[in-house]
Amino acid sequence: MGNLKRGNASEVTEFILVGFSRQPQIQAAFFLGLLLLYLITMFGNSLIVVVVRWDSQLHVPMYFFLSNLSFLDICYSTSWEPYVLAQCFRDFPTISYTSCYAQMTTCLFLGITECLLLAVMAYDRFVAISNPLRYTIIMNNKVCIHLALGTWTSAFLVALIPIIAIPAHYCGHNVINHFICEVQALLKLICSDTPVSLLLGLVISVFTLPLPFTFILISYVRIAVAVLRIHSLEARFKAFSTCGSHLTVVTIFYGTAIYMYLKPHSKKSQEEDKVFSIFYGAITPMLNPLIYTLRNKDVKSALRRLVKGNERF
């Protein structure tokens with residue numbers, strides 16, 4: 001970050017966040033809606049973390065990764081929503097150069113982690129269905145911990161690329177048409193169209209979307225092949241049902257992310273991008289615990305035992 005700061009200190013020392021400052025009539029509704037989404041997200045995901053930790057029947061790889069996802073959603077929502085809520089009623093709030101890059105790196109790190117974690121969860125479902133007798137041996141505690149640590153570490157290293165690699169020059173352009181310092185919004189301000197910045201965008205895009213998404217698709221193709229080899233219709237349905245929640249989360253998460261980051265960008269699309277960023281960044285983390293609790297009998301049973309105060313099994 002030192003190179004960036006030295007190269008830009010004389011040009012840009014702070015950024016102006018537009019948000020909905022040009023539309024003050026919707027700021028109150030936006031504040032209340034985002035606050036409600038944040039509270040539901042925190043409560044739902046915290047409940048998942050607690051119940052998985054509390055109930056020994058959920059001490060299996062599938063729920064280990066689910067609790068990681070819930071913890072990640074808590075971190076991701078907290079990395080930007082409280083800040084936006086605090087700045088919501090200010091007209092064109094400012095953020096320092098250093099704070100802006102810290103916010104961008106944190107959000108990017110947690111977003112990439114979720115992409116990779118969903119890919120790891122797809123692999124877990126593939127092993128569970130294709131090798132049920134050897135599942136606990138293949139996905140033992142050590143393997144699960146290494147996969148989780150590898151996911152977080154890989155995402156962190158990729159998220160550092162903007163700080164290390166970009167010789168960014170903003171040339172006085174410091175107005176970000178967004179609520180936060182989002183990476184795509186910052187890249188639009190760079191006036192030095194260097195190969196390094198183009199390479200940066202390519203690396204982040206590949207690691208964030210196509211690479212893990214392709215791995216998920218391959219995993220589900222292999223899952224489908226494994227399920228079709230099962231002769232019992234009831235066993236087929238049970239096998240597919242274990243993937244239903246994860247597949248729903250993947251569809252919502254990647255559907256909105258692909259639309260946001262891989263579609264052609266223009267000035268006309270910036271207002272639309274801000275609306276979709278709310279769905280991607282606030283609604284998706286809120287939906288994850290609802291999807292897993294409503295579609296998962298084990299989690300619902302564990303929640304009932306937790307509420308009733310029953311002994312752990």
# chains A, B, ... in the order shown; residues from 1 in each chain; ligands from 1
>>> residues_around(residues="Arg125 in chain A", least_positions_apart="5", cutoff="10 Å", atoms="only C-alpha atoms", output="list of chain:residue names")
A:Pro61, A:Met62, A:Val120, A:Ser130, A:Asn131, A:Pro132, A:Tyr135, A:Ser219, A:Tyr220, A:Ile223, A:Ala239, A:Phe240, A:Thr242, A:Cys243, A:His246
>>> write_last_selection(atoms="N, CA, C and O atoms", output="PDB file, in the first residue's frame")
ATOM      1  N   PRO A  61     -18.714 -32.642   8.403  1.00  0.00           N
ATOM      2  CA  PRO A  61     -18.144 -31.659   7.469  1.00  0.00           C
ATOM      3  C   PRO A  61     -19.155 -30.696   6.858  1.00  0.00           C
ATOM      4  O   PRO A  61     -18.878 -29.497   6.753  1.00  0.00           O
ATOM      5  N   MET A  62     -20.326 -31.190   6.455  1.00  0.00           N
ATOM      6  CA  MET A  62     -21.323 -30.331   5.804  1.00  0.00           C
ATOM      7  C   MET A  62     -21.668 -29.131   6.681  1.00  0.00           C
ATOM      8  O   MET A  62     -21.726 -27.982   6.212  1.00  0.00           O
ATOM      9  N   VAL A 120     -15.871 -25.225  -2.198  1.00  0.00           N
ATOM     10  CA  VAL A 120     -15.471 -26.292  -1.274  1.00  0.00           C
ATOM     11  C   VAL A 120     -16.699 -27.070  -0.791  1.00  0.00           C
ATOM     12  O   VAL A 120     -16.664 -28.306  -0.672  1.00  0.00           O
ATOM     13  N   SER A 130     -20.869 -39.483  -3.926  1.00  0.00           N
ATOM     14  CA  SER A 130     -20.166 -40.450  -4.772  1.00  0.00           C
ATOM     15  C   SER A 130     -19.397 -41.498  -3.971  1.00  0.00           C
ATOM     16  O   SER A 130     -19.163 -42.614  -4.446  1.00  0.00           O
ATOM     17  N   ASN A 131     -18.974 -41.145  -2.739  1.00  0.00           N
ATOM     18  CA  ASN A 131     -18.233 -42.090  -1.896  1.00  0.00           C
ATOM     19  C   ASN A 131     -18.800 -42.096  -0.475  1.00  0.00           C
ATOM     20  O   ASN A 131     -18.104 -41.735   0.488  1.00  0.00           O
ATOM     21  N   PRO A 132     -20.062 -42.488  -0.303  1.00  0.00           N
ATOM     22  CA  PRO A 132     -20.691 -42.404   1.026  1.00  0.00           C
ATOM     23  C   PRO A 132     -20.005 -43.256   2.093  1.00  0.00           C
ATOM     24  O   PRO A 132     -19.960 -42.853   3.266  1.00  0.00           O
ATOM     25  N   TYR A 135     -16.763 -41.432   3.059  1.00  0.00           N
ATOM     26  CA  TYR A 135     -16.930 -39.987   3.229  1.00  0.00           C
ATOM     27  C   TYR A 135     -16.215 -39.474   4.473  1.00  0.00           C
ATOM     28  O   TYR A 135     -15.465 -38.492   4.417  1.00  0.00           O
ATOM     29  N   SER A 219     -18.507 -30.162 -10.237  1.00  0.00           N
ATOM     30  CA  SER A 219     -18.893 -30.975  -9.078  1.00  0.00           C
ATOM     31  C   SER A 219     -20.330 -31.456  -9.197  1.00  0.00           C
ATOM     32  O   SER A 219     -20.634 -32.631  -8.946  1.00  0.00           O
ATOM     33  N   TYR A 220     -21.229 -30.555  -9.634  1.00  0.00           N
ATOM     34  CA  TYR A 220     -22.635 -30.947  -9.731  1.00  0.00           C
ATOM     35  C   TYR A 220     -22.909 -31.855 -10.925  1.00  0.00           C
ATOM     36  O   TYR A 220     -23.833 -32.680 -10.878  1.00  0.00           O
ATOM     37  N   ILE A 223     -21.931 -35.073  -9.505  1.00  0.00           N
ATOM     38  CA  ILE A 223     -22.967 -35.485  -8.551  1.00  0.00           C
ATOM     39  C   ILE A 223     -24.158 -36.084  -9.292  1.00  0.00           C
ATOM     40  O   ILE A 223     -24.692 -37.130  -8.905  1.00  0.00           O
ATOM     41  N   ALA A 239     -30.478 -38.120  -2.075  1.00  0.00           N
ATOM     42  CA  ALA A 239     -29.159 -37.617  -2.448  1.00  0.00           C
ATOM     43  C   ALA A 239     -29.258 -36.206  -3.010  1.00  0.00           C
ATOM     44  O   ALA A 239     -28.459 -35.319  -2.659  1.00  0.00           O
ATOM     45  N   PHE A 240     -30.219 -35.974  -3.896  1.00  0.00           N
ATOM     46  CA  PHE A 240     -30.391 -34.638  -4.473  1.00  0.00           C
ATOM     47  C   PHE A 240     -30.816 -33.623  -3.415  1.00  0.00           C
ATOM     48  O   PHE A 240     -30.429 -32.452  -3.472  1.00  0.00           O
ATOM     49  N   THR A 242     -29.970 -33.374  -0.367  1.00  0.00           N
ATOM     50  CA  THR A 242     -28.862 -32.877   0.447  1.00  0.00           C
ATOM     51  C   THR A 242     -28.118 -31.726  -0.230  1.00  0.00           C
ATOM     52  O   THR A 242     -27.385 -30.988   0.418  1.00  0.00           O
ATOM     53  N   CYS A 243     -28.323 -31.593  -1.546  1.00  0.00           N
ATOM     54  CA  CYS A 243     -27.651 -30.529  -2.309  1.00  0.00           C
ATOM     55  C   CYS A 243     -28.561 -29.329  -2.545  1.00  0.00           C
ATOM     56  O   CYS A 243     -28.097 -28.288  -3.034  1.00  0.00           O
ATOM     57  N   HIS A 246     -27.626 -25.843  -0.797  1.00  0.00           N
ATOM     58  CA  HIS A 246     -26.382 -25.294  -1.342  1.00  0.00           C
ATOM     59  C   HIS A 246     -26.584 -24.801  -2.761  1.00  0.00           C
ATOM     60  O   HIS A 246     -26.091 -23.729  -3.141  1.00  0.00           O
TER      61      HIS A 246
END
>>> residues_around(residues="range 92-104 of chain A", least_positions_apart="4", cutoff="8 Å", atoms="only C-alpha atoms", output="VMD selection string")
chain A and resid 5 12 to 19 21 79 to 80 87 108 163 180 to 183
>>> residues_around(residues="Thr248 in chain A", least_positions_apart="4", cutoff="12 Å", atoms="only C-alpha atoms", output="count of residues only")
19
>>> residues_around(residues="Phe64 in chain A", least_positions_apart="3", cutoff="12 Å", atoms="only C-alpha atoms", output="VMD selection string")
chain A and resid 48 to 61 67 to 71 117 120 to 121 124 139 to 145 147 to 148
>>> select_by_dssp(residues="range 30-183 of chain A", states="alpha helix (DSSP H)", output="MDAnalysis selection string")
chainID A and resid 30:54 61:87 97:130 135:138 141:159 161:165 183
>>> closest_residue(among="A:Tyr280, A:Phe89, A:Phe237, A:Phe30", to="Thr256 in chain A", atoms="only C-alpha atoms")
A:Tyr280
>>> residues_around(residues="Ala257 in chain A", least_positions_apart="5", cutoff="12 Å", atoms="only C-alpha atoms", output="list of chain:residue names")
A:Gly111, A:Ile112, A:Glu114, A:Cys115, A:Ser205, A:Thr208, A:Leu209, A:Pro210, A:Phe213, A:Val250, A:Thr251, A:Ile252, A:Leu262, A:Lys263, A:Asp273, A:Phe276, A:Ser277, A:Ile278, A:Phe279, A:Tyr280, A:Gly281, A:Thr284
